[in-house]
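For reference, start-v7.txt (compact mmCIF, C-alpha atoms and all ligand atoms):
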```
# COMPACT_ATOMS: atom_id res chain seq x y z
CA MET A 12 -4.88 -25.41 -10.25
CA GLN A 13 -5.15 -26.26 -6.58
CA LYS A 14 -8.14 -25.02 -4.60
CA ARG A 15 -7.17 -22.28 -2.18
CA GLN A 16 -9.04 -23.57 0.86
CA GLN A 17 -6.56 -24.24 3.62
CA PRO A 18 -7.89 -26.41 6.41
CA GLY A 19 -7.47 -24.75 9.76
CA ARG A 20 -6.79 -21.33 8.34
CA ARG A 21 -10.07 -19.83 9.58
CA THR A 22 -9.30 -21.13 13.04
CA VAL A 23 -5.85 -19.62 12.86
CA LEU A 24 -7.26 -16.27 11.76
CA GLY A 25 -9.84 -16.42 14.48
CA ALA A 26 -7.12 -17.07 17.02
CA ALA A 27 -5.09 -14.17 15.79
CA ALA A 28 -7.02 -11.75 17.97
CA LEU A 29 -8.66 -10.29 14.89
CA GLY A 30 -12.12 -10.14 16.39
CA ALA A 31 -14.44 -8.33 14.01
CA GLY A 32 -11.39 -7.58 11.89
CA ALA A 33 -11.18 -11.22 10.83
CA ALA A 34 -14.36 -10.87 8.83
CA VAL A 35 -13.13 -7.88 6.88
CA LEU A 36 -9.54 -9.03 6.56
CA GLY A 37 -10.67 -12.26 5.01
CA GLY A 38 -8.30 -15.11 4.29
CA ALA A 39 -8.61 -18.41 2.54
CA GLY A 40 -12.10 -19.78 2.91
CA GLN A 41 -13.65 -16.32 3.07
CA ALA A 42 -13.55 -15.67 -0.64
CA SER A 43 -17.22 -16.46 -1.11
CA ALA A 44 -20.11 -14.02 -0.63
CA ALA A 45 -20.68 -15.32 2.89
CA GLY A 46 -18.26 -16.19 5.66
CA ARG A 47 -18.33 -19.02 8.12
CA ASP A 48 -21.08 -17.43 10.21
CA GLY A 49 -23.23 -16.83 7.14
CA ALA A 50 -22.80 -13.07 7.30
CA PRO A 51 -21.86 -11.36 4.04
CA ARG A 52 -18.18 -10.50 3.77
CA GLU A 53 -17.52 -6.94 2.77
CA LEU A 54 -14.23 -7.50 1.00
CA PRO A 55 -13.51 -10.29 -1.45
CA VAL A 56 -10.45 -12.51 -1.19
CA PRO A 57 -8.10 -11.92 -2.82
CA LEU A 58 -8.71 -8.17 -2.64
CA ILE A 59 -7.11 -5.67 -5.00
CA VAL A 60 -5.56 -2.45 -3.70
CA GLY A 61 -5.38 0.47 -6.12
CA HIS A 62 -1.72 1.41 -5.58
CA ARG A 63 -1.53 5.20 -5.23
CA GLY A 64 -4.99 5.07 -6.85
CA ALA A 65 -4.98 3.97 -10.48
CA SER A 66 -1.40 5.17 -10.95
CA GLY A 67 -0.94 3.19 -14.15
CA TYR A 68 -3.37 5.59 -15.80
CA ARG A 69 -3.28 8.88 -13.88
CA PRO A 70 -0.60 10.79 -11.94
CA GLU A 71 -0.33 9.02 -8.59
CA HIS A 72 -2.02 10.27 -5.42
CA THR A 73 -4.43 12.64 -7.13
CA PHE A 74 -8.19 12.62 -7.01
CA GLY A 75 -8.06 11.69 -10.68
CA SER A 76 -6.13 8.57 -9.71
CA TYR A 77 -8.23 7.69 -6.65
CA GLN A 78 -11.52 8.23 -8.47
CA LEU A 79 -10.51 6.08 -11.43
CA ALA A 80 -9.37 3.27 -9.14
CA LEU A 81 -12.71 3.33 -7.34
CA ASP A 82 -14.65 3.50 -10.62
CA MET A 83 -12.64 0.56 -11.96
CA GLY A 84 -13.74 -1.46 -8.94
CA ALA A 85 -10.60 -1.53 -6.81
CA ASP A 86 -11.55 -2.98 -3.44
CA VAL A 87 -9.25 -0.68 -1.48
CA ILE A 88 -7.57 2.62 -2.44
CA GLU A 89 -4.06 3.37 -1.14
CA GLN A 90 -2.76 6.60 0.41
CA ASP A 91 0.86 7.32 1.38
CA LEU A 92 0.99 10.09 3.98
CA VAL A 93 3.60 12.77 4.72
CA PRO A 94 3.22 16.03 6.69
CA THR A 95 3.46 19.69 5.76
CA LYS A 96 5.45 22.23 7.79
CA ASP A 97 2.26 23.23 9.61
CA GLY A 98 1.37 19.64 10.44
CA HIS A 99 -1.25 18.71 7.85
CA LEU A 100 -1.17 15.23 6.34
CA VAL A 101 -0.95 15.14 2.56
CA CYS A 102 -0.95 12.25 0.11
CA ARG A 103 2.46 11.82 -1.53
CA HIS A 104 4.58 8.73 -1.90
CA GLU A 105 7.42 10.55 -0.21
CA ASN A 106 8.22 13.97 1.20
CA ASP A 107 10.43 14.79 -1.82
CA ILE A 108 7.88 16.32 -4.20
CA THR A 109 10.34 17.14 -7.00
CA ALA A 110 9.17 14.40 -9.37
CA THR A 111 5.45 14.44 -8.66
CA THR A 112 4.61 18.17 -8.66
CA ASP A 113 5.44 21.25 -10.71
CA VAL A 114 7.34 22.78 -7.77
CA SER A 115 10.52 23.26 -9.85
CA ALA A 116 8.58 25.61 -12.13
CA HIS A 117 7.63 27.93 -9.23
CA PRO A 118 10.29 30.67 -8.93
CA GLU A 119 8.88 31.74 -5.56
CA PHE A 120 9.96 28.36 -4.16
CA ALA A 121 13.37 28.14 -5.86
CA ALA A 122 15.19 28.87 -2.60
CA ARG A 123 13.44 25.97 -0.87
CA LYS A 124 15.43 23.48 -2.95
CA THR A 125 17.74 21.72 -0.54
CA THR A 126 19.69 18.55 0.20
CA LYS A 127 18.60 16.26 3.05
CA THR A 128 19.24 12.77 4.28
CA VAL A 129 16.00 10.83 4.64
CA ASP A 130 16.27 7.33 6.12
CA GLY A 131 19.97 7.26 5.26
CA VAL A 132 19.51 8.39 1.66
CA GLN A 133 20.78 11.79 0.49
CA LEU A 134 18.22 13.61 -1.62
CA THR A 135 18.20 17.00 -3.34
CA GLY A 136 14.87 18.62 -4.11
CA TRP A 137 11.81 20.14 -2.49
CA PHE A 138 10.22 18.57 0.59
CA THR A 139 6.69 18.73 2.01
CA GLU A 140 7.92 19.55 5.52
CA ASP A 141 9.31 22.85 4.19
CA PHE A 142 5.93 24.00 2.84
CA THR A 143 2.76 25.10 4.59
CA LEU A 144 -0.40 23.48 3.33
CA ALA A 145 -1.45 26.76 1.73
CA GLU A 146 1.84 26.87 -0.19
CA LEU A 147 1.62 23.23 -1.20
CA LYS A 148 -1.87 23.81 -2.53
CA THR A 149 -0.48 26.25 -5.10
CA LEU A 150 1.35 23.32 -6.77
CA ARG A 151 -0.08 20.90 -9.31
CA ALA A 152 0.59 17.17 -9.47
CA LYS A 153 2.33 15.55 -12.41
CA GLU A 154 3.30 12.09 -13.65
CA ARG A 155 6.28 10.61 -11.78
CA ILE A 156 7.58 8.43 -14.64
CA PRO A 157 6.70 10.30 -17.86
CA GLY A 158 9.20 8.25 -19.88
CA THR A 159 7.33 5.05 -19.04
CA ARG A 160 3.81 6.46 -18.79
CA GLN A 161 3.74 9.19 -21.43
CA HIS A 162 -0.05 8.88 -21.67
CA ASN A 163 -0.38 9.98 -18.05
CA THR A 164 1.32 13.31 -18.83
CA LEU A 165 -1.96 14.28 -20.47
CA TYR A 166 -3.16 14.97 -16.92
CA ASP A 167 -0.10 16.90 -15.68
CA GLY A 168 -1.26 20.02 -13.87
CA ARG A 169 -4.89 18.92 -13.62
CA TRP A 170 -5.02 18.11 -9.90
CA GLN A 171 -3.64 19.48 -6.64
CA VAL A 172 -1.88 17.47 -3.94
CA PRO A 173 -4.75 16.01 -1.88
CA THR A 174 -4.86 16.22 1.89
CA PHE A 175 -5.74 13.17 3.96
CA GLU A 176 -8.73 15.08 5.28
CA GLU A 177 -9.98 15.64 1.72
CA VAL A 178 -9.58 11.93 0.99
CA LEU A 179 -11.60 10.98 4.07
CA GLN A 180 -14.36 13.37 3.00
CA TRP A 181 -14.23 11.98 -0.56
CA ALA A 182 -14.47 8.41 0.75
CA GLU A 183 -17.55 9.35 2.78
CA ARG A 184 -19.18 11.05 -0.21
CA GLU A 185 -18.41 8.17 -2.55
CA GLY A 186 -19.59 5.68 0.05
CA ARG A 187 -22.95 7.42 0.38
CA LYS A 188 -23.31 7.58 -3.41
CA ARG A 189 -22.50 3.90 -3.85
CA GLY A 190 -24.30 2.57 -0.80
CA ARG A 191 -21.18 0.88 0.47
CA ARG A 192 -18.08 1.76 2.43
CA VAL A 193 -14.99 2.95 0.59
CA TRP A 194 -11.91 1.14 1.88
CA LEU A 195 -8.53 2.83 2.27
CA HIS A 196 -5.01 1.40 2.79
CA ILE A 197 -3.17 4.15 4.65
CA GLU A 198 0.64 4.23 4.95
CA THR A 199 2.79 6.31 7.30
CA LYS A 200 5.93 7.30 5.35
CA HIS A 201 9.27 7.86 7.11
CA PRO A 202 7.66 7.95 10.58
CA THR A 203 10.93 7.98 12.56
CA TYR A 204 12.30 10.81 10.40
CA PHE A 205 9.19 12.94 10.86
CA ARG A 206 8.92 12.30 14.60
CA LYS A 207 12.44 13.68 14.99
CA LEU A 208 11.24 16.85 13.23
CA GLY A 209 8.35 17.18 15.69
CA LEU A 210 5.89 16.06 13.02
CA GLY A 211 4.82 12.68 14.39
CA LEU A 212 2.48 10.98 11.94
CA GLU A 213 0.60 8.45 14.01
CA GLU A 214 -1.25 10.88 16.31
CA ARG A 215 -2.31 12.93 13.30
CA VAL A 216 -3.55 9.83 11.44
CA ALA A 217 -5.45 8.65 14.53
CA GLU A 218 -7.03 12.05 15.09
CA ALA A 219 -8.23 12.24 11.49
CA LEU A 220 -9.61 8.70 11.59
CA ARG A 221 -11.43 9.36 14.86
CA ALA A 222 -12.97 12.54 13.47
CA HIS A 223 -14.49 10.41 10.69
CA GLY A 224 -15.42 7.43 12.87
CA ARG A 225 -12.82 5.30 11.07
CA HIS A 226 -10.81 4.31 14.13
CA ARG A 227 -12.58 1.07 14.99
CA ARG A 228 -11.72 -2.58 14.50
CA ASN A 229 -14.28 -2.90 11.73
CA SER A 230 -13.64 0.51 10.14
CA PRO A 231 -12.92 0.38 6.40
CA ASN A 232 -9.18 1.06 6.57
CA PHE A 233 -5.98 -0.87 6.76
CA LEU A 234 -3.02 0.95 8.28
CA GLN A 235 0.42 0.13 6.92
CA SER A 236 4.05 1.06 7.51
CA PHE A 237 7.54 -0.17 6.71
CA GLU A 238 8.44 0.68 10.32
CA PRO A 239 7.03 -1.84 12.82
CA SER A 240 7.24 0.75 15.62
CA SER A 241 4.86 3.00 13.68
CA ILE A 242 2.37 0.14 13.51
CA GLN A 243 2.81 -0.50 17.24
CA ARG A 244 2.21 3.19 17.96
CA LEU A 245 -0.89 3.23 15.74
CA GLY A 246 -2.15 0.14 17.54
CA LYS A 247 -2.20 2.09 20.80
CA LEU A 248 -4.21 4.91 19.25
CA VAL A 249 -6.80 3.18 17.04
CA ASP A 250 -8.21 -0.32 16.56
CA CYS A 251 -8.02 -0.63 12.75
CA PRO A 252 -6.41 -3.69 11.11
CA LYS A 253 -2.68 -3.13 10.58
CA VAL A 254 -0.19 -4.40 8.01
CA VAL A 255 3.59 -4.36 8.46
CA LEU A 256 5.24 -3.64 5.11
CA LEU A 257 8.41 -5.57 4.34
CA GLY A 258 11.03 -4.72 1.74
CA THR A 259 13.31 -7.24 0.08
CA LEU A 260 15.01 -9.89 2.21
CA LYS A 261 18.20 -7.92 2.80
CA ASP A 262 16.39 -4.74 3.86
CA ARG A 263 16.23 -3.56 7.45
CA PRO A 264 13.33 -1.38 8.65
CA TRP A 265 14.58 2.16 9.23
CA ASP A 266 13.33 2.22 12.84
CA PHE A 267 15.42 -0.93 13.43
CA VAL A 268 18.47 0.88 12.04
CA ALA A 269 17.72 3.86 14.29
CA SER A 270 17.27 1.72 17.41
CA GLY A 271 20.07 -0.77 16.69
CA ASP A 272 17.76 -3.77 16.15
CA PRO A 273 19.83 -6.02 13.86
CA ARG A 274 16.92 -7.90 12.29
CA THR A 275 16.35 -7.78 8.56
CA VAL A 276 13.29 -8.69 6.49
CA ALA A 277 14.84 -12.15 6.08
CA ASP A 278 14.58 -12.53 9.88
CA LEU A 279 11.05 -11.14 10.03
CA VAL A 280 9.65 -13.62 7.50
CA LYS A 281 10.92 -16.61 9.43
CA PRO A 282 8.24 -18.24 11.62
CA GLU A 283 9.63 -16.54 14.75
CA GLY A 284 9.62 -13.11 13.09
CA LEU A 285 6.10 -13.63 11.78
CA ARG A 286 4.87 -14.64 15.23
CA TRP A 287 6.43 -11.43 16.60
CA ILE A 288 4.58 -9.34 13.98
CA ALA A 289 1.33 -11.18 14.75
CA GLY A 290 1.64 -9.83 18.29
CA PHE A 291 0.71 -6.34 17.11
CA ALA A 292 -0.47 -6.53 13.47
CA GLU A 293 -2.97 -8.49 11.43
CA GLY A 294 -1.00 -8.72 8.22
CA ILE A 295 2.20 -8.26 6.28
CA GLY A 296 2.74 -6.43 3.01
CA PRO A 297 5.93 -7.91 1.58
CA ASP A 298 7.79 -7.05 -1.59
CA LEU A 299 6.67 -9.49 -4.29
CA THR A 300 10.09 -11.13 -4.35
CA VAL A 301 9.57 -12.35 -0.80
CA ILE A 302 6.61 -14.41 -2.12
CA ILE A 303 8.18 -15.52 -5.42
CA PRO A 304 11.84 -14.61 -5.91
CA ARG A 305 13.29 -13.93 -9.33
CA ASP A 306 16.15 -16.15 -10.51
CA LYS A 307 19.55 -15.04 -11.82
CA ASP A 308 18.01 -14.35 -15.24
CA ASN A 309 15.30 -12.16 -13.66
CA LYS A 310 12.70 -14.84 -14.38
CA LEU A 311 9.99 -15.79 -11.90
CA GLY A 312 11.35 -18.46 -9.55
CA THR A 313 9.72 -20.86 -7.12
CA PRO A 314 7.32 -19.61 -4.41
CA THR A 315 8.77 -19.48 -0.90
CA SER A 316 6.99 -20.81 2.19
CA VAL A 317 6.17 -17.28 3.39
CA VAL A 318 2.46 -17.45 2.49
CA LYS A 319 2.06 -20.71 4.41
CA ASP A 320 4.17 -19.46 7.33
CA ALA A 321 2.37 -16.10 7.57
CA HIS A 322 -1.02 -17.80 7.49
CA ALA A 323 0.15 -20.20 10.18
CA ALA A 324 1.02 -17.16 12.31
CA GLY A 325 -2.48 -15.78 11.72
CA LEU A 326 -1.36 -13.03 9.35
CA VAL A 327 -2.88 -12.08 6.02
CA LEU A 328 -0.63 -11.06 3.12
CA HIS A 329 -1.02 -7.96 0.91
CA PRO A 330 2.19 -7.94 -1.19
CA TYR A 331 3.17 -5.15 -3.60
CA THR A 332 3.33 -4.10 -6.52
CA VAL A 333 2.36 -5.62 -9.91
CA ARG A 334 2.54 -3.23 -12.88
CA ASN A 335 1.63 -3.97 -16.50
CA GLU A 336 4.71 -2.55 -18.24
CA ASN A 337 7.51 -4.87 -19.41
CA THR A 338 10.11 -2.91 -17.46
CA PHE A 339 8.54 -3.99 -14.15
CA LEU A 340 7.78 -7.61 -15.12
CA PRO A 341 9.92 -10.73 -14.72
CA ALA A 342 11.93 -11.43 -17.89
CA ASP A 343 9.83 -14.47 -18.82
CA PHE A 344 6.60 -12.43 -18.83
CA ARG A 345 7.79 -9.59 -21.08
CA LYS A 346 6.42 -9.16 -24.59
CA GLY A 347 8.52 -7.59 -27.32
CA THR A 348 11.44 -5.26 -26.74
CA ASP A 349 9.74 -1.98 -25.74
CA PRO A 350 10.24 -1.63 -21.97
CA ASN A 351 7.16 0.61 -21.74
CA ALA A 352 4.82 -1.75 -23.63
CA TYR A 353 2.58 -4.10 -21.70
CA GLY A 354 3.82 -7.63 -21.13
CA ASP A 355 1.94 -10.67 -19.86
CA SER A 356 1.01 -9.05 -16.57
CA LEU A 357 -2.11 -11.22 -16.33
CA GLY A 358 0.23 -14.19 -16.14
CA VAL A 359 2.17 -12.51 -13.33
CA PHE A 360 -0.98 -11.61 -11.41
CA LYS A 361 -2.13 -15.20 -11.67
CA ALA A 362 1.22 -16.61 -10.54
CA TYR A 363 1.11 -14.48 -7.40
CA LEU A 364 -2.58 -15.01 -6.68
CA ALA A 365 -2.06 -18.77 -6.99
CA THR A 366 0.25 -18.68 -3.97
CA GLY A 367 -2.77 -17.99 -1.73
CA ILE A 368 -2.09 -14.34 -0.89
CA ASP A 369 -5.05 -12.41 0.52
CA GLY A 370 -4.62 -9.20 -1.45
CA LEU A 371 -2.35 -7.47 -3.92
CA PHE A 372 -1.29 -3.91 -4.64
CA SER A 373 -1.32 -2.90 -8.30
CA ASP A 374 -0.93 0.27 -10.37
CA ASN A 375 -3.32 -1.40 -12.85
CA CYS A 376 -6.27 -2.39 -10.71
CA ASP A 377 -8.48 -3.22 -13.70
CA THR A 378 -6.03 -5.87 -14.91
CA ALA A 379 -5.56 -7.11 -11.35
CA LEU A 380 -9.32 -7.44 -10.85
CA LEU A 381 -9.62 -9.46 -14.03
CA ALA A 382 -7.03 -11.90 -12.74
CA ALA A 383 -8.48 -11.93 -9.22
CA ALA A 384 -12.00 -12.79 -10.44
CA GLU A 385 -10.78 -16.22 -11.44
CA PHE A 386 -9.49 -16.88 -7.92
CA ARG A 387 -12.53 -15.52 -6.13
CA LYS A 388 -14.71 -18.22 -7.75
CA ARG A 389 -12.75 -21.04 -6.19
O1 LIG A 401 2.41 0.27 0.59
C1 LIG A 401 2.52 -0.77 -0.33
C2 LIG A 401 3.51 -0.32 -1.32
O2 LIG A 401 3.05 0.91 -1.80
C3 LIG A 401 4.82 -0.17 -0.65
O3 LIG A 401 5.73 0.42 -1.44
O4 LIG A 401 7.16 2.31 -1.78
O5 LIG A 401 5.10 2.05 -3.16
O6 LIG A 401 4.94 2.73 -0.79
P1 LIG A 401 5.73 1.97 -1.80
CA CA A 402 2.61 2.67 -0.15
```
With the file now loaded, output its structure as structure tokens.
Amino acid sequence: MQKRQQPGRRTVLGAAALGAGAAVLGGAGQASAAGRDGAPRELPVPLIVGHRGASGYRPEHTFGSYQLALDMGADVIEQDLVPTKDGHLVCRHENDITATTDVSAHPEFAARKTTKTVDGVQLTGWFTEDFTLAELKTLRAKERIPGTRQHNTLYDGRWQVPTFEEVLQWAEREGRKRGRRVWLHIETKHPTYFRKLGLGLEERVAEALRAHGRHRRNSPNFLQSFEPSSIQRLGKLVDCPKVVLLGTLKDRPWDFVASGDPRTVADLVKPEGLRWIAGFAEGIGPDLTVIIPRDKDNKLGTPTSVVKDAHAAGLVLHPYTVRNENTFLPADFRKGTDPNAYGDSLGVFKAYLATGIDGLFSDNCDTALLAAAEFRKR
């Protein structure tokens, strides 16, 4: 397999106004223990992000999930953030908490069930912005996809919904215990929607980061959002490295829809779009299919030029999300007929890592780390 070193890449990263961030963001050529200046690099390349913690093994966004991801050796632990009615940030993949908490079993909250349109999608359920933090804390988290991850239902009801503040305190505690910094990958969810409700996310994220001294260029967090304007707003408030998330090629960021910007992800991953992103972010987090599309038979196709083009623009790539179960894998990497059984996910990890990406989100960080180890030696 081809060596990952890409001549000129370090120079490009250095020119991307990363400053101290370049060292921690990494990139090809920084996979070894020491970087170009001889200083030890804190994060390996490629790095593995524990997606919603270790969500392949525990209900997502719980301390059970975050702790397991850290114990398994994930380099970075992901949080998705939404607000409560009284303005606290909590860790949930979305504001609709119907599938990931026991809220439907609480008769005192039955009347809170409602129908809303979030980013153009009509949803019926219970929503974080209709609960105070004290109310939300009476709920217990549960497995989102019990049909696929029956084993995770063992932990239903064990943990509360964590606040962002609790996660920051946990990261500090764990960092002290381990003698190293605990890295977080922090996403603002539905930022345009929440700003319209008077619950702007970015100021709250920045305030929390500042309170914990995590607002600097070399602080151990990445900030991420599917809405470029959220990343731009965050960039004015804190100096942390930032990653613009990108959906599939046909998708259009919701803030673009709201402002009338016609560009789609397909436009943003062209060299011009990538140069635009590099003006205010240090990386992109594309859907996996942007890196390697699937063909008409749902098999893994041929890698696109996006890795090369993003690196040329000075951007690192943290695509998402590899999961071990057959149902999530390309057809040619499935094993047997049970959609919930594990397929050849190691093969999928390797195919993506071979493209030269700088990091990868996975629900199964232990499997991802096993695959990544092979690439870190190169
Ligand atoms: O943030 C990376 C990845 O998590 C993006 O997708 O929908 O799981 O937040 P989502
Ligand atoms: Ca996310």
(request) Work out how far CA of Asp113 in chain A is from CA of Lys153 in chain A, in Å to one decimal. (result) 6.7 Å
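Neighbouring residues of Val276 in chain A at 7 Å or closer, counting all atoms listed in the file and skipping chain neighbours under 2 positions away, are A:Leu257, A:Gly258, A:Thr259, A:Leu260, A:Lys261, A:Asp262, A:Arg263, A:Arg274, A:Asp278, A:Leu279, A:Val280.
In this structure, CA of Arg69 in chain A sits 12.1 Å away from CA of Cys376 in chain A.
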(message) Env of range 347-357 of chain A: 10 Å cut, atoms = all atoms listed in the file, seq-sep filter 2 positions within chain, self excluded. Answer as a VMD selection string.
(response) chain A and resid 158 to 161 333 to 345 359 to 362 375 378 to 383
Filtering to C-alpha atoms, could you give me those residues as a tab-separated table (two decimals), in the frame of the given file?
```tsv
chain	number	residue	atom	x	y	z
A	158	GLY	CA	9.20	8.25	-19.88
A	159	THR	CA	7.33	5.05	-19.04
A	160	ARG	CA	3.81	6.46	-18.79
A	161	GLN	CA	3.74	9.19	-21.43
A	333	VAL	CA	2.36	-5.62	-9.91
A	334	ARG	CA	2.54	-3.23	-12.88
A	335	ASN	CA	1.63	-3.97	-16.50
A	336	GLU	CA	4.71	-2.55	-18.24
A	337	ASN	CA	7.51	-4.87	-19.41
A	338	THR	CA	10.11	-2.91	-17.46
A	339	PHE	CA	8.54	-3.99	-14.15
A	340	LEU	CA	7.78	-7.61	-15.12
A	341	PRO	CA	9.92	-10.73	-14.72
A	342	ALA	CA	11.93	-11.43	-17.89
A	343	ASP	CA	9.83	-14.47	-18.82
A	344	PHE	CA	6.60	-12.43	-18.83
A	345	ARG	CA	7.79	-9.59	-21.08
A	359	VAL	CA	2.17	-12.51	-13.33
A	360	PHE	CA	-0.98	-11.61	-11.41
A	361	LYS	CA	-2.13	-15.20	-11.67
A	362	ALA	CA	1.22	-16.61	-10.54
A	375	ASN	CA	-3.32	-1.40	-12.85
A	378	THR	CA	-6.03	-5.87	-14.91
A	379	ALA	CA	-5.56	-7.11	-11.35
A	380	LEU	CA	-9.32	-7.44	-10.85
A	381	LEU	CA	-9.62	-9.46	-14.03
A	382	ALA	CA	-7.03	-11.90	-12.74
A	383	ALA	CA	-8.48	-11.93	-9.22
```
(request) Return as number ranges by chain every polymer residue, whether protein, DNA or RNA, with at least one atom no more than 10 Å from an atom of ligand CA 402 (chain A); count only C-alpha atoms and all ligand atoms. (result) A: 62-63, 89-92, 103-105, 196-200, 235-237, 256, 296, 331-332, 372
(request) Grab the CA of Gly75 in chain A to CA of Val87 in chain A distance for me, in Å with one decimal place. (result)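 Between CA of Gly75 in chain A and CA of Val87 in chain A the gap works out to 15.5 Å.
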(request) May I have the residues at most 10 Å from (15.8, 4.9, 14.4) in the file's coordinates, counting only C-alpha atoms, as a PyMOL selection string? (result) chain A and resi 130+202-204+207+238+240+264-272
Atom completion result for range 279-296 of chain A (N, CA and C atoms) as a PDB file, in the coordinates of the input:
```
ATOM      1  N   LEU A 279      12.469 -11.365   9.704  1.00  0.00           N
ATOM      2  CA  LEU A 279      11.050 -11.140  10.030  1.00  0.00           C
ATOM      3  C   LEU A 279      10.113 -12.099   9.320  1.00  0.00           C
ATOM      4  N   VAL A 280      10.547 -12.672   8.194  1.00  0.00           N
ATOM      5  CA  VAL A 280       9.650 -13.620   7.500  1.00  0.00           C
ATOM      6  C   VAL A 280       9.907 -15.074   7.900  1.00  0.00           C
ATOM      7  N   LYS A 281      10.805 -15.267   8.850  1.00  0.00           N
ATOM      8  CA  LYS A 281      10.920 -16.610   9.430  1.00  0.00           C
ATOM      9  C   LYS A 281       9.767 -16.791  10.426  1.00  0.00           C
ATOM     10  N   PRO A 282       9.392 -18.027  10.721  1.00  0.00           N
ATOM     11  CA  PRO A 282       8.240 -18.240  11.620  1.00  0.00           C
ATOM     12  C   PRO A 282       8.327 -17.417  12.911  1.00  0.00           C
ATOM     13  N   GLU A 283       9.500 -17.306  13.495  1.00  0.00           N
ATOM     14  CA  GLU A 283       9.630 -16.540  14.750  1.00  0.00           C
ATOM     15  C   GLU A 283       9.330 -15.052  14.526  1.00  0.00           C
ATOM     16  N   GLY A 284       9.860 -14.524  13.427  1.00  0.00           N
ATOM     17  CA  GLY A 284       9.620 -13.110  13.090  1.00  0.00           C
ATOM     18  C   GLY A 284       8.148 -12.856  12.808  1.00  0.00           C
ATOM     19  N   LEU A 285       7.526 -13.790  12.108  1.00  0.00           N
ATOM     20  CA  LEU A 285       6.100 -13.630  11.780  1.00  0.00           C
ATOM     21  C   LEU A 285       5.248 -13.693  13.042  1.00  0.00           C
ATOM     22  N   ARG A 286       5.623 -14.572  13.955  1.00  0.00           N
ATOM     23  CA  ARG A 286       4.870 -14.640  15.230  1.00  0.00           C
ATOM     24  C   ARG A 286       5.023 -13.328  15.997  1.00  0.00           C
ATOM     25  N   TRP A 287       6.208 -12.731  15.933  1.00  0.00           N
ATOM     26  CA  TRP A 287       6.430 -11.430  16.600  1.00  0.00           C
ATOM     27  C   TRP A 287       5.508 -10.369  15.977  1.00  0.00           C
ATOM     28  N   ILE A 288       5.452 -10.325  14.657  1.00  0.00           N
ATOM     29  CA  ILE A 288       4.580  -9.340  13.980  1.00  0.00           C
ATOM     30  C   ILE A 288       3.117  -9.585  14.361  1.00  0.00           C
ATOM     31  N   ALA A 289       2.736 -10.857  14.432  1.00  0.00           N
ATOM     32  CA  ALA A 289       1.330 -11.180  14.750  1.00  0.00           C
ATOM     33  C   ALA A 289       0.939 -10.711  16.145  1.00  0.00           C
ATOM     34  N   GLY A 290       1.920 -10.357  16.951  1.00  0.00           N
ATOM     35  CA  GLY A 290       1.640  -9.830  18.290  1.00  0.00           C
ATOM     36  C   GLY A 290       1.058  -8.427  18.259  1.00  0.00           C
ATOM     37  N   PHE A 291       1.226  -7.724  17.147  1.00  0.00           N
ATOM     38  CA  PHE A 291       0.710  -6.340  17.110  1.00  0.00           C
ATOM     39  C   PHE A 291       0.116  -5.944  15.756  1.00  0.00           C
ATOM     40  N   ALA A 292       0.096  -6.853  14.792  1.00  0.00           N
ATOM     41  CA  ALA A 292      -0.470  -6.530  13.470  1.00  0.00           C
ATOM     42  C   ALA A 292      -1.286  -7.715  12.978  1.00  0.00           C
ATOM     43  N   GLU A 293      -2.097  -7.452  11.983  1.00  0.00           N
ATOM     44  CA  GLU A 293      -2.970  -8.490  11.430  1.00  0.00           C
ATOM     45  C   GLU A 293      -2.473  -8.994  10.085  1.00  0.00           C
ATOM     46  N   GLY A 294      -1.485  -8.294   9.518  1.00  0.00           N
ATOM     47  CA  GLY A 294      -1.000  -8.720   8.220  1.00  0.00           C
ATOM     48  C   GLY A 294       0.390  -8.232   7.913  1.00  0.00           C
ATOM     49  N   ILE A 295       0.939  -8.767   6.804  1.00  0.00           N
ATOM     50  CA  ILE A 295       2.200  -8.260   6.280  1.00  0.00           C
ATOM     51  C   ILE A 295       1.983  -7.854   4.811  1.00  0.00           C
ATOM     52  N   GLY A 296       2.771  -6.870   4.402  1.00  0.00           N
ATOM     53  CA  GLY A 296       2.740  -6.430   3.010  1.00  0.00           C
ATOM     54  C   GLY A 296       4.142  -6.532   2.448  1.00  0.00           C
TER      55      GLY A 296
END
```
